[in-house]
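Q: File upload.tsv follows (TSV, C-alpha atoms and all ligand atoms):
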chain	number	residue	atom	x	y	z
A	6	MET	CA	0.00	0.00	0.00
A	7	VAL	CA	1.28	3.41	-0.96
A	8	THR	CA	1.89	5.95	1.82
A	9	GLU	CA	0.98	9.63	1.94
A	10	LYS	CA	4.65	10.47	2.04
A	11	GLU	CA	5.26	8.57	-1.19
A	12	ILE	CA	2.39	10.42	-2.85
A	13	TRP	CA	3.91	13.77	-1.83
A	14	GLY	CA	7.12	12.54	-3.44
A	15	TYR	CA	5.35	11.70	-6.69
A	16	LEU	CA	3.68	15.11	-6.70
A	17	GLU	CA	7.16	16.66	-6.76
A	18	GLU	CA	7.31	15.33	-10.32
A	19	VAL	CA	4.17	17.15	-11.48
A	20	PHE	CA	4.90	20.58	-12.92
A	21	ASP	CA	2.88	23.75	-13.35
A	22	PRO	CA	2.09	23.79	-17.09
A	23	GLU	CA	2.54	27.56	-17.25
A	24	ILE	CA	5.66	27.91	-15.11
A	25	PRO	CA	7.32	24.57	-15.74
A	26	VAL	CA	10.14	25.04	-13.18
A	27	LEU	CA	7.62	24.88	-10.35
A	28	THR	CA	6.07	21.66	-9.14
A	29	VAL	CA	2.51	21.67	-7.83
A	30	VAL	CA	4.05	21.29	-4.38
A	31	ASP	CA	6.33	24.35	-4.81
A	32	LEU	CA	3.33	26.34	-5.96
A	33	GLY	CA	1.48	25.47	-2.76
A	34	VAL	CA	-1.68	24.30	-4.48
A	35	VAL	CA	-1.60	20.82	-2.96
A	36	ARG	CA	-3.42	21.19	0.31
A	37	GLU	CA	-3.72	17.64	1.49
A	38	VAL	CA	-3.03	14.04	0.55
A	39	ILE	CA	-5.33	11.44	2.05
A	40	VAL	CA	-4.62	7.74	1.75
A	41	LYS	CA	-7.30	5.56	3.27
A	42	ASP	CA	-7.76	1.84	2.77
A	43	ASP	CA	-7.53	1.42	-0.99
A	44	THR	CA	-8.24	5.01	-1.95
A	45	CYS	CA	-6.04	8.01	-2.50
A	46	LYS	CA	-7.25	11.58	-2.65
A	47	VAL	CA	-5.22	14.69	-3.48
A	48	VAL	CA	-6.84	17.97	-2.44
A	49	ILE	CA	-5.82	21.01	-4.48
A	50	THR	CA	-6.82	24.67	-4.54
A	51	PRO	CA	-6.85	27.05	-7.52
A	52	THR	CA	-4.45	29.97	-7.73
A	53	TYR	CA	-6.94	32.22	-9.57
A	54	SER	CA	-10.66	31.59	-10.16
A	55	GLY	CA	-10.25	31.29	-13.89
A	56	CYS	CA	-6.76	29.77	-14.00
A	57	PRO	CA	-6.86	27.53	-17.07
A	58	ALA	CA	-3.92	25.51	-15.73
A	59	MET	CA	-5.96	23.97	-12.90
A	60	LYS	CA	-7.72	21.39	-15.06
A	61	ARG	CA	-4.39	20.47	-16.60
A	62	MET	CA	-2.76	20.11	-13.17
A	63	GLU	CA	-5.63	17.90	-12.07
A	64	ASP	CA	-5.17	15.63	-15.09
A	65	ASP	CA	-1.38	15.64	-14.74
A	66	ILE	CA	-1.62	14.59	-11.09
A	67	LYS	CA	-3.93	11.70	-11.96
A	68	GLU	CA	-1.70	10.65	-14.82
A	69	LYS	CA	1.46	10.78	-12.71
A	70	LEU	CA	-0.09	8.72	-9.91
A	71	GLU	CA	-1.40	6.22	-12.43
A	72	GLU	CA	2.11	5.96	-13.89
A	73	LYS	CA	3.46	5.28	-10.40
A	74	GLY	CA	1.00	2.45	-9.97
A	75	VAL	CA	-1.50	4.26	-7.77
A	76	LYS	CA	-4.85	3.17	-9.16
A	77	GLY	CA	-7.93	5.40	-9.32
A	78	ALA	CA	-6.55	8.38	-7.41
A	79	GLU	CA	-9.04	11.18	-6.94
A	80	VAL	CA	-8.30	14.90	-7.17
A	81	GLU	CA	-10.59	17.24	-5.29
A	82	LEU	CA	-10.70	21.00	-5.84
A	83	VAL	CA	-11.47	23.16	-2.81
A	84	LEU	CA	-11.70	26.96	-2.67
A	85	SER	CA	-11.34	27.73	1.01
A	86	PRO	CA	-9.04	28.77	2.57
A	87	ALA	CA	-8.15	30.67	-0.57
A	88	TRP	CA	-4.67	30.22	-1.99
A	89	THR	CA	-2.24	33.05	-1.37
A	90	THR	CA	1.28	33.55	-2.68
A	91	ASP	CA	2.51	32.99	0.90
A	92	TRP	CA	1.98	29.32	0.13
A	93	LEU	CA	4.74	29.29	-2.43
A	94	THR	CA	7.54	27.33	-0.83
A	95	GLU	CA	10.98	28.84	-0.21
A	96	ASN	CA	12.27	26.36	-2.74
A	97	GLY	CA	9.66	27.58	-5.21
A	98	ARG	CA	10.71	31.21	-4.73
A	99	GLU	CA	14.34	30.30	-5.44
A	100	LYS	CA	13.42	28.39	-8.58
A	101	LEU	CA	11.29	31.26	-9.86
A	102	LYS	CA	14.16	33.70	-9.50
A	103	GLU	CA	16.59	31.38	-11.25
A	104	TYR	CA	14.06	31.04	-14.05
A	105	GLY	CA	13.96	34.83	-14.46
A	106	ILE	CA	10.66	35.50	-12.73
A	107	ALA	CA	10.74	37.83	-9.73
A	108	PRO	CA	9.09	36.10	-6.72
A	109	PRO	CA	6.23	37.87	-4.87
A	110	GLU	CA	7.05	40.83	-2.62
A	111	ASP	CA	5.01	42.16	0.27
A	112	GLU	CA	2.79	44.61	-1.61
A	113	GLY	CA	0.96	46.04	1.37
A	114	ASP	CA	-2.78	46.52	1.30
A	115	LYS	CA	-4.06	46.62	-2.26
A	116	SER	CA	-7.28	48.27	-1.22
A	117	VAL	CA	-5.35	51.44	-0.38
A	118	LEU	CA	-5.56	53.57	-3.49
A	119	PHE	CA	-2.48	55.56	-4.48
A	120	ALA	CA	-0.36	53.58	-2.04
A	121	LYS	CA	3.38	53.99	-2.20
A	122	PRO	CA	4.70	51.57	-4.81
A	123	PHE	CA	6.74	48.63	-3.55
A	124	VAL	CA	10.02	47.53	-5.09
A	125	VAL	CA	10.44	44.41	-7.22
A	126	PRO	CA	14.15	43.68	-7.69
A	127	CYS	CA	15.30	42.57	-11.14
A	128	PRO	CA	15.75	38.76	-11.21
A	129	GLN	CA	18.69	39.18	-13.62
A	130	CYS	CA	20.90	41.85	-12.02
A	131	ASN	CA	19.18	42.42	-8.64
A	132	SER	CA	18.80	46.13	-9.36
A	133	LYS	CA	15.97	47.80	-7.46
A	134	ASN	CA	15.61	50.35	-10.21
A	135	THR	CA	12.69	48.64	-11.96
A	136	LYS	CA	9.35	49.83	-13.23
A	137	LEU	CA	5.90	48.33	-13.59
A	138	ILE	CA	4.83	48.01	-17.21
A	139	SER	CA	1.49	46.33	-16.56
A	140	GLN	CA	-0.24	44.82	-13.54
A	141	PHE	CA	-1.42	42.02	-15.80
A	142	GLY	CA	1.10	39.81	-17.54
A	143	SER	CA	1.31	36.66	-19.60
A	144	THR	CA	-0.74	34.64	-17.10
A	145	SER	CA	-3.18	35.55	-14.30
A	146	CYS	CA	-0.49	35.21	-11.67
A	147	LYS	CA	2.09	37.53	-13.24
A	148	ALA	CA	2.68	41.24	-13.75
A	149	HIS	CA	5.05	42.75	-16.27
A	150	TYR	CA	8.12	44.77	-15.24
A	151	GLN	CA	11.22	46.21	-16.77
A	152	CYS	CA	14.65	46.74	-15.25
A	153	GLN	CA	15.92	50.29	-15.79
A	154	ASP	CA	19.54	49.26	-15.31
A	155	CYS	CA	20.05	46.10	-17.39
A	156	LEU	CA	16.94	47.01	-19.44
A	157	GLU	CA	15.63	43.43	-19.38
A	158	PRO	CA	11.85	43.08	-19.30
A	159	PHE	CA	10.75	40.45	-16.79
A	160	ASP	CA	7.75	38.76	-15.25
A	161	TYR	CA	6.84	39.31	-11.64
A	162	PHE	CA	4.87	36.63	-9.80
A	163	LYS	CA	2.46	39.00	-8.14
A	164	CYS	CA	1.47	38.91	-4.52
A	165	LEU	CA	-2.04	37.58	-3.92
A	166	ARG	CA	-3.34	37.79	-0.37
B	18	MET	CA	-38.76	30.59	-4.51
B	19	ASN	CA	-35.41	28.93	-3.81
B	20	SER	CA	-33.53	31.93	-2.44
B	21	LEU	CA	-30.10	30.32	-2.28
B	22	PHE	CA	-30.38	29.36	-5.94
B	23	GLU	CA	-31.69	32.76	-6.97
B	24	TYR	CA	-29.07	34.70	-5.02
B	25	THR	CA	-26.13	32.67	-6.29
B	26	LEU	CA	-27.50	32.90	-9.82
B	27	ARG	CA	-27.54	36.70	-9.58
B	28	LEU	CA	-23.92	36.80	-8.49
B	29	GLY	CA	-22.94	34.27	-11.13
B	30	ASP	CA	-24.72	36.10	-13.94
B	31	ASP	CA	-23.08	39.40	-12.99
B	32	SER	CA	-19.67	37.73	-13.27
B	33	LEU	CA	-20.54	35.91	-16.46
B	34	MET	CA	-21.81	38.98	-18.32
B	35	ILE	CA	-19.07	41.38	-17.33
B	36	GLY	CA	-16.50	38.67	-18.05
B	37	HIS	CA	-18.02	38.15	-21.47
B	38	ARG	CA	-18.02	41.86	-22.19
B	39	LEU	CA	-14.34	42.13	-21.25
B	40	SER	CA	-13.48	39.11	-23.37
B	41	GLU	CA	-14.85	40.99	-26.39
B	42	TRP	CA	-11.75	43.18	-26.12
B	43	CYS	CA	-9.47	40.24	-26.85
B	44	GLY	CA	-7.31	41.31	-29.78
B	45	HIS	CA	-8.84	44.81	-29.85
B	46	GLY	CA	-7.23	46.51	-26.82
B	47	PRO	CA	-5.91	50.04	-27.35
B	48	ILE	CA	-2.43	48.88	-26.30
B	49	LEU	CA	-1.01	45.40	-25.88
B	50	GLU	CA	-0.75	45.67	-22.08
B	51	GLU	CA	-4.42	46.57	-21.77
B	52	ASP	CA	-5.48	43.86	-24.16
B	53	ILE	CA	-3.74	41.39	-21.86
B	54	ALA	CA	-5.08	43.07	-18.72
B	55	MET	CA	-8.70	42.98	-19.87
B	56	THR	CA	-8.53	39.37	-20.98
B	57	ASN	CA	-6.86	38.40	-17.68
B	58	ILE	CA	-9.63	40.12	-15.76
B	59	ALA	CA	-12.23	38.49	-18.02
B	60	LEU	CA	-10.72	35.15	-17.10
B	61	ASP	CA	-11.10	35.88	-13.37
B	62	PHE	CA	-14.76	36.75	-13.90
B	63	VAL	CA	-15.53	33.72	-16.03
B	64	GLY	CA	-13.79	31.61	-13.37
B	65	GLN	CA	-15.96	33.16	-10.67
B	66	ALA	CA	-19.03	32.57	-12.84
B	67	THR	CA	-18.07	28.92	-13.20
B	68	SER	CA	-17.88	28.45	-9.42
B	69	LEU	CA	-21.03	30.47	-8.74
B	70	LEU	CA	-23.21	28.88	-11.42
B	71	GLU	CA	-22.00	25.41	-10.47
B	72	LEU	CA	-23.06	26.19	-6.90
B	73	ALA	CA	-26.38	27.66	-8.05
B	74	GLY	CA	-27.08	24.42	-9.90
B	75	LYS	CA	-26.36	22.50	-6.72
B	76	PHE	CA	-28.71	24.71	-4.67
B	77	GLU	CA	-31.39	24.28	-7.29
B	78	GLY	CA	-31.12	20.51	-7.02
B	79	LYS	CA	-32.42	19.72	-10.49
B	80	GLY	CA	-29.20	18.39	-11.89
B	81	ARG	CA	-28.27	21.47	-13.93
B	82	SER	CA	-24.53	22.09	-14.19
B	83	GLY	CA	-22.79	25.46	-14.30
B	84	ASP	CA	-22.49	25.08	-18.07
B	85	ASP	CA	-26.19	24.29	-18.42
B	86	LEU	CA	-26.99	27.50	-16.58
B	87	ALA	CA	-24.51	29.58	-18.55
B	88	PHE	CA	-25.44	28.34	-22.00
B	89	LEU	CA	-28.96	26.99	-21.95
B	90	ARG	CA	-31.25	29.56	-20.39
B	91	PHE	CA	-33.54	32.07	-22.07
B	92	ASP	CA	-32.94	35.80	-21.67
B	93	ARG	CA	-35.61	36.27	-19.00
B	94	ASP	CA	-33.88	33.68	-16.82
B	95	TYR	CA	-30.64	35.67	-16.56
B	96	LYS	CA	-30.57	37.77	-13.39
B	97	ASN	CA	-27.54	40.02	-13.82
B	98	VAL	CA	-27.78	43.77	-13.23
B	99	LEU	CA	-28.21	45.88	-16.37
B	100	LEU	CA	-24.87	47.62	-15.82
B	101	VAL	CA	-22.77	44.58	-16.70
B	102	GLU	CA	-24.52	43.92	-20.01
B	103	GLN	CA	-24.01	47.46	-21.34
B	104	PRO	CA	-21.81	47.56	-24.44
B	105	ASN	CA	-18.07	48.27	-24.37
B	106	VAL	CA	-18.33	51.26	-26.76
B	107	ASP	CA	-14.75	52.42	-26.18
B	108	PHE	CA	-11.99	51.85	-23.66
B	109	GLY	CA	-13.15	54.75	-21.46
B	110	VAL	CA	-16.72	53.47	-21.25
B	111	THR	CA	-15.44	49.96	-20.49
B	112	MET	CA	-13.20	51.22	-17.67
B	113	MET	CA	-15.98	53.35	-16.19
B	114	ARG	CA	-18.42	50.42	-16.25
B	115	GLN	CA	-15.73	48.25	-14.68
B	116	PHE	CA	-14.91	50.78	-12.00
B	117	LEU	CA	-18.53	51.30	-10.95
B	118	PHE	CA	-18.93	47.53	-10.71
B	119	ASP	CA	-15.60	46.72	-9.00
B	120	ALA	CA	-16.28	49.40	-6.38
B	121	TYR	CA	-19.46	47.45	-5.54
B	122	ARG	CA	-18.00	43.97	-5.76
B	123	LYS	CA	-15.22	44.63	-3.25
B	124	PRO	CA	-17.39	45.59	-0.24
B	125	LEU	CA	-19.89	42.92	-1.30
B	126	PHE	CA	-17.29	40.13	-1.19
B	127	GLU	CA	-15.80	41.56	1.99
B	128	ARG	CA	-19.17	40.85	3.58
B	129	LEU	CA	-19.90	37.56	1.86
B	130	GLN	CA	-16.55	36.03	2.82
B	131	TYR	CA	-18.02	35.80	6.34
B	132	ALA	CA	-21.30	34.24	5.19
B	133	SER	CA	-22.34	31.31	7.32
B	134	ASN	CA	-23.12	29.52	4.11
B	135	LYS	CA	-19.65	28.05	3.70
B	136	GLU	CA	-19.84	27.57	-0.05
B	137	ILE	CA	-20.78	31.16	-0.79
B	138	ALA	CA	-18.13	32.31	1.69
B	139	ALA	CA	-15.41	30.27	-0.02
B	140	ILE	CA	-16.13	31.76	-3.45
B	141	ALA	CA	-16.29	35.27	-1.99
B	142	GLU	CA	-13.00	34.84	-0.16
B	143	LYS	CA	-11.32	33.65	-3.34
B	144	SER	CA	-12.87	36.32	-5.57
B	145	LEU	CA	-12.16	39.18	-3.19
B	146	LYS	CA	-8.42	38.80	-3.71
B	147	GLU	CA	-8.88	39.21	-7.45
B	148	THR	CA	-11.41	42.02	-7.08
B	149	LYS	CA	-8.85	44.17	-5.27
B	150	TYR	CA	-6.60	43.98	-8.31
B	151	HIS	CA	-9.48	44.75	-10.64
B	152	LEU	CA	-10.56	47.79	-8.64
B	153	ARG	CA	-7.07	49.16	-8.54
B	154	HIS	CA	-6.75	48.75	-12.30
B	155	SER	CA	-10.10	50.32	-13.20
B	156	SER	CA	-9.78	53.23	-10.76
B	157	GLU	CA	-6.33	54.10	-12.04
B	158	TRP	CA	-7.71	54.30	-15.58
B	159	VAL	CA	-10.72	56.37	-14.56
B	160	ILE	CA	-8.35	58.84	-12.92
B	161	ARG	CA	-5.93	58.88	-15.82
B	162	LEU	CA	-8.65	59.44	-18.42
B	163	GLY	CA	-10.67	61.90	-16.32
B	164	ASP	CA	-7.66	63.96	-15.34
B	165	GLY	CA	-6.10	63.52	-18.79
B	166	THR	CA	-6.65	65.44	-22.01
B	167	GLU	CA	-9.71	67.48	-22.83
B	168	GLU	CA	-10.85	64.74	-25.20
B	169	SER	CA	-10.42	61.91	-22.69
B	170	HIS	CA	-12.07	63.97	-19.96
B	171	THR	CA	-15.11	64.76	-22.08
B	172	ARG	CA	-15.55	61.19	-23.19
B	173	ILE	CA	-15.21	59.54	-19.80
B	174	GLN	CA	-17.53	62.15	-18.26
B	175	GLU	CA	-20.07	61.16	-20.91
B	176	ALA	CA	-19.52	57.51	-20.00
B	177	LEU	CA	-20.20	58.30	-16.37
B	178	ASP	CA	-23.34	60.28	-17.26
B	179	ASN	CA	-24.68	57.34	-19.25
B	180	LEU	CA	-23.75	54.55	-16.87
B	181	TRP	CA	-24.76	56.30	-13.67
B	182	ARG	CA	-28.41	55.39	-14.33
B	183	TYR	CA	-27.51	51.71	-13.95
B	184	THR	CA	-25.78	51.94	-10.58
B	185	GLY	CA	-28.86	52.12	-8.35
B	186	GLU	CA	-29.68	48.56	-9.28
B	187	LEU	CA	-26.46	47.30	-7.71
B	188	PHE	CA	-28.17	47.76	-4.36
B	189	TYR	CA	-31.47	46.21	-5.38
B	190	SER	CA	-32.93	44.22	-2.54
B	191	ASP	CA	-35.98	41.98	-2.41
B	192	ASP	CA	-37.26	38.87	-0.64
B	193	VAL	CA	-34.38	36.80	-1.99
B	194	ASP	CA	-31.59	38.55	-0.10
B	195	LYS	CA	-33.82	39.55	2.81
B	196	GLU	CA	-34.74	35.92	3.40
B	197	LEU	CA	-31.11	34.78	3.30
B	198	ILE	CA	-30.04	37.54	5.67
B	199	ALA	CA	-32.90	36.71	8.04
B	200	ALA	CA	-32.00	33.01	7.91
B	201	GLY	CA	-28.38	33.90	8.68
B	202	GLU	CA	-27.07	32.38	5.44
B	203	ILE	CA	-25.44	35.64	4.37
B	204	PRO	CA	-24.45	38.66	6.47
B	205	SER	CA	-26.28	41.97	6.55
B	206	MET	CA	-25.60	44.34	3.68
B	207	ASP	CA	-25.88	47.45	5.84
B	208	GLY	CA	-23.49	50.14	4.74
B	209	LEU	CA	-22.73	48.51	1.38
B	210	GLU	CA	-24.01	51.40	-0.69
B	211	LYS	CA	-22.34	53.93	1.56
B	212	GLU	CA	-18.99	52.21	1.14
B	213	TRP	CA	-19.45	52.06	-2.61
B	214	ARG	CA	-20.35	55.73	-2.71
B	215	GLN	CA	-17.26	56.61	-0.70
B	216	THR	CA	-14.92	54.84	-3.14
B	217	VAL	CA	-16.77	56.37	-6.09
B	218	ASN	CA	-16.60	59.89	-4.64
B	219	GLU	CA	-12.93	59.57	-3.84
B	220	VAL	CA	-11.89	58.28	-7.26
B	221	LEU	CA	-14.17	60.55	-9.29
B	222	ALA	CA	-12.94	63.60	-7.37
B	223	GLU	CA	-9.35	62.64	-8.13
B	224	ALA	CA	-10.39	62.14	-11.76
B	225	THR	CA	-12.00	65.64	-11.81
B	226	LEU	CA	-15.30	64.07	-12.89
B	227	LYS	CA	-18.76	65.20	-11.85
B	228	ILE	CA	-21.44	62.84	-10.58
B	229	PRO	CA	-24.66	63.39	-12.56
B	230	GLU	CA	-27.40	65.20	-10.68
B	231	SER	CA	-30.33	63.13	-11.90
B	232	ASP	CA	-31.50	60.50	-9.44
B	233	TRP	CA	-33.48	58.57	-12.02
B	234	GLN	CA	-32.38	54.92	-12.16
B	235	PHE	CA	-33.07	51.86	-14.26
B	236	ASP	CA	-33.77	48.46	-12.81
B	237	GLY	CA	-35.17	45.13	-13.94
B	238	GLY	CA	-32.13	42.91	-14.42
B	239	ARG	CA	-32.62	41.10	-11.13
B	240	LYS	CA	-36.15	40.24	-12.29
B	241	GLY	CA	-35.02	39.12	-15.72
B	242	MET	CA	-36.12	42.29	-17.53
B	243	HIS	CA	-33.09	43.23	-19.59
B	244	SER	CA	-31.91	45.88	-21.99
B	245	GLU	CA	-31.79	44.95	-25.68
B	246	HIS	CA	-28.07	44.25	-25.38
B	247	LEU	CA	-28.45	40.96	-23.51
B	248	GLY	CA	-30.02	39.22	-26.50
B	249	TYR	CA	-26.97	39.97	-28.63
B	250	ILE	CA	-24.62	38.70	-25.93
B	251	LEU	CA	-26.59	35.47	-25.64
B	252	THR	CA	-26.59	34.95	-29.38
B	253	GLU	CA	-22.82	34.84	-29.33
B	254	LEU	CA	-22.39	33.18	-25.93
B	255	GLN	CA	-24.84	30.36	-26.62
B	256	TYR	CA	-24.16	29.80	-30.29
B	257	MET	CA	-22.03	26.67	-29.97
B	258	GLN	CA	-24.28	24.89	-27.49
B	259	ARG	CA	-27.42	25.76	-29.47
B	260	ALA	CA	-25.92	24.73	-32.80
B	261	TYR	CA	-24.17	21.60	-31.52
B	262	PRO	CA	-25.98	20.49	-28.35
B	263	GLY	CA	-23.69	18.83	-25.82
B	264	LEU	CA	-20.53	19.77	-27.70
B	265	GLU	CA	-17.37	19.35	-25.64
B	266	TRP	CA	-13.69	19.99	-26.28
A	301	ZN	ZN	18.26	44.14	-14.27
Could you rewrite the structure in this file as structure tokens?
Ligand SMILES: [Zn+2]

A:
Amino acid sequence: MVTEKEIWGYLEEVFDPEIPVLTVVDLGVVREVIVKDDTCKVVITPTYSGCPAMKRMEDDIKEKLEEKGVKGAEVELVLSPAWTTDWLTENGREKLKEYGIAPPEDEGDKSVLFAKPFVVPCPQCNSKNTKLISQFGSTSCKAHYQCQDCLEPFDYFKCLR
Amino acid sequence: MNSLFEYTLRLGDDSLMIGHRLSEWCGHGPILEEDIAMTNIALDFVGQATSLLELAGKFEGKGRSGDDLAFLRFDRDYKNVLLVEQPNVDFGVTMMRQFLFDAYRKPLFERLQYASNKEIAAIAEKSLKETKYHLRHSSEWVIRLGDGTEESHTRIQEALDNLWRYTGELFYSDDVDKELIAAGEIPSMDGLEKEWRQTVNEVLAEATLKIPESDWQFDGGRKGMHSEHLGYILTELQYMQRAYPGLEW
């Protein structure tokens, strides 16, 4: 019989289809793994309401577990408590940066209009002299920035709380 | 009347229609960044609609899925407010419509996240995080266009004058919500309109825009009485499922 720990290990081999350096575990979307008698259930939570990658992650998890010989694993999607970028693992943050995506910063309270902008350091040269190009980037979870020193445009994995 | 079904349907239809409207900008945005922004926001709304309509179907208990509700109802059965079905016209009108709606959605979800109905609360908690981003985006544009050039100011003031008549309906209340509040399913909506008005006043003042003086307001959306625009939306939205029933991909 497979153990929960083994399942967590297998999940480390399932990648986010949109940010393929991150595993579903790094991303913090796997909330729980429940192995009971002959059944196995993986509980996941969406990053954004309309994130098109969720269905794919669900299928990829099932496929991976099948491949590892875990028969008929179930994947359940739950909304609460809502995912926040605080659930990204430390490992995940490191991998993002290496991949050229700036990991989330503490953005303060978004409901405060005209709040002082926060700084997103450039993932290439670490310069803090960067500017926001657009709050909405190539996927729901990213914003678009540019470094004013090395001039590289880059993605920022925005803070969701 | 099944109030839980009706209430969730209203929320779901609001998300579906405004999400659909935003998606119409795909490939037509005034600049690339805004094209991407509007389609990203559309995706959040369609995602919320999926969760809400799925839940509505569950409350109804007749085996209808979220997709059934989205694609296979007649116009009178849609319960969104009239504001969200109004046409995009231009970028300024779209941002004004979005701002007036986001400013309402944020305090609404702030309340609903504490609903004792756990399923409504979960969707509200999730959606609230996205709504904060949306509101920030739309208010920044309202300010930039209002306090921009003479041309942009005139046009967004006109947008406000036209859309203002649809804002009263955001606070429409009838037996559906009253019953749920009385039953303790959802929290009281006291102060919702006041909070909305505060955000609106603050942003419009910064944008140098004037709130129209007329108090006259439309309503009807919550009762299924829509403007002529809904029919055109449904024609496009429902086309595939009407032409090829049960189609999946
Ligand atoms: Zn740089």

Q: Please check the contacts: residues of chain B at most 9 Å away from chain A, using all atoms listed in the file, listed as an NGL selection string.

A: :B and (50-51 or 53-55 or 57-68 or 123 or 135-136 or 138-140 or 142-144 or 146-147 or 149-150 or 152-154 or 156-157 or 220)

Q: Taking 2 positions as the minimum chain separation for residues in the same chain, which residues sit within 10 Å of B:Arg122 when counting all atoms listed in the file? Answer as a ChimeraX atom specification.

A: /B:28,31-32,116-120,124-128,141,144-145,148-149,151-152,187,209,213

Q: Between atom CA of A:Arg98 and atom CA of A:Val29, what is the distance, to one decimal in Å?

A: 13.0 Å

Q: Compute the set of protein, DNA and RNA residues whose minimum atom distance to ligand ZN 301 (chain A) is at most 10 Å, using all atoms listed in the file, and state it as a ChimeraX atom specification.

A: /A:126-135,151-159

Q: Find the residues around stretch 161-174 of chain B up to 10 Å (all atoms listed in the file counted), leave out those fewer than 4 positions away in its own chain, and share them as an mmCIF file with C-alpha atoms, in the coordinates of the input.

A:
data_model
loop_
_atom_site.group_PDB
_atom_site.id
_atom_site.type_symbol
_atom_site.label_atom_id
_atom_site.label_comp_id
_atom_site.auth_asym_id
_atom_site.auth_seq_id
_atom_site.Cartn_x
_atom_site.Cartn_y
_atom_site.Cartn_z
ATOM 1 C CA ASP B 107 -14.750 52.420 -26.180
ATOM 2 C CA PHE B 108 -11.990 51.850 -23.660
ATOM 3 C CA GLY B 109 -13.150 54.750 -21.460
ATOM 4 C CA VAL B 110 -16.720 53.470 -21.250
ATOM 5 C CA THR B 111 -15.440 49.960 -20.490
ATOM 6 C CA MET B 112 -13.200 51.220 -17.670
ATOM 7 C CA MET B 113 -15.980 53.350 -16.190
ATOM 8 C CA SER B 155 -10.100 50.320 -13.200
ATOM 9 C CA SER B 156 -9.780 53.230 -10.760
ATOM 10 C CA GLU B 157 -6.330 54.100 -12.040
ATOM 11 C CA ASP B 178 -23.340 60.280 -17.260
ATOM 12 C CA ASN B 179 -24.680 57.340 -19.250
ATOM 13 C CA LEU B 180 -23.750 54.550 -16.870
ATOM 14 C CA VAL B 220 -11.890 58.280 -7.260
ATOM 15 C CA LEU B 221 -14.170 60.550 -9.290
ATOM 16 C CA ALA B 222 -12.940 63.600 -7.370
ATOM 17 C CA GLU B 223 -9.350 62.640 -8.130
ATOM 18 C CA ALA B 224 -10.390 62.140 -11.760
ATOM 19 C CA THR B 225 -12.000 65.640 -11.810
ATOM 20 C CA LEU B 226 -15.300 64.070 -12.890
ATOM 21 C CA LYS B 227 -18.760 65.200 -11.850
ATOM 22 C CA ILE B 228 -21.440 62.840 -10.580
ATOM 23 C CA PRO B 229 -24.660 63.390 -12.560
#

Q: Between B:Arg81, B:Arg93, B:Lys195, B:Lys75, which residue has the minimum interatomic distance to B:Ser20, considering only C-alpha atoms?

A: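 Among the listed residues, the smallest separation from B:Ser20 belongs to B:Lys195.
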
Q: Which protein, DNA or RNA residues have an atom at most 9 Å from (-23.0, 29.5, 8.5), counting all atoms listed in the file? List them as a ChimeraX atom specification.

A: /B:131-135,138,201-203

Q: For atom CA of A:Ile106 and atom CA of A:Phe20, quote the distance in Å rounded to one decimal.

A: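 Atom CA of A:Ile106 sits 16.0 Å away from atom CA of A:Phe20.
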
Q: I'd like to know which of B:Ile160, B:Leu89, B:Ile250, B:Leu129 is closest to B:Asn105, using all atoms listed in the file.

A: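 Of the candidates, the smallest distance to B:Asn105 is held by B:Ile250.
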
Q: In Å, with one decimal, what is the gap from atom CA of A:Gly77 to atom CA of B:Trp266?

A: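 Straight-line distance from atom CA of A:Gly77 to atom CA of B:Trp266 works out to 23.1 Å.
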
Q: Would you kindly return, as an MDAnalysis selection string, each protein, DNA or RNA residue with an atom no farther than 7 Å from any atom of A:Val48, considering only C-alpha atoms and excluding same-chain residues fewer than 5 positions away?

A: chainID A and resid 35:38 80:83

Q: May I ask which of the residues B:Glu196, B:Asp92, B:Glu186, B:Glu102 is the closest one to B:Tyr121, counting all atoms listed in the file?

A: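 For B:Tyr121, the nearest of the candidates is B:Glu186.
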
Q: Could you pull the residues within 10 Å of A:Leu93, counting all atoms listed in the file, minus those fewer than 6 positions along the same chain, as a list in words?

A: Leu27, Val29, Val30, Asp31, Leu32, Gly33, Val34, Pro108 and Pro109 of chain A

Q: Return the single residue from B:Glu41, B:Phe88, B:Gly83, B:Glu265 that is closest to B:Leu251, with distances computed using only C-alpha atoms.

A: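 Of B:Glu41, B:Phe88, B:Gly83, B:Glu265, the one nearest B:Leu251 is B:Phe88, counting only C-alpha atoms.
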
Q: Anything within 10 Å of (-5.0, 10.7, -12.9): list those residues as a list in words, counting all atoms listed in the file and sticking to the file's coordinates.

A: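 Protein, DNA and RNA residues close to (-5.0, 10.7, -12.9): Met62, Glu63, Asp64, Asp65, Ile66, Lys67, Glu68, Lys69, Leu70, Glu71, Glu72, Val75, Lys76, Gly77, Ala78, Glu79 and Val80 of chain A.
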
Q: Between B:His45, B:Lys240, B:Lys211, B:Lys79, which one has atoms that come closest to B:Lys96, using all atoms listed in the file?

A: B:Lys240
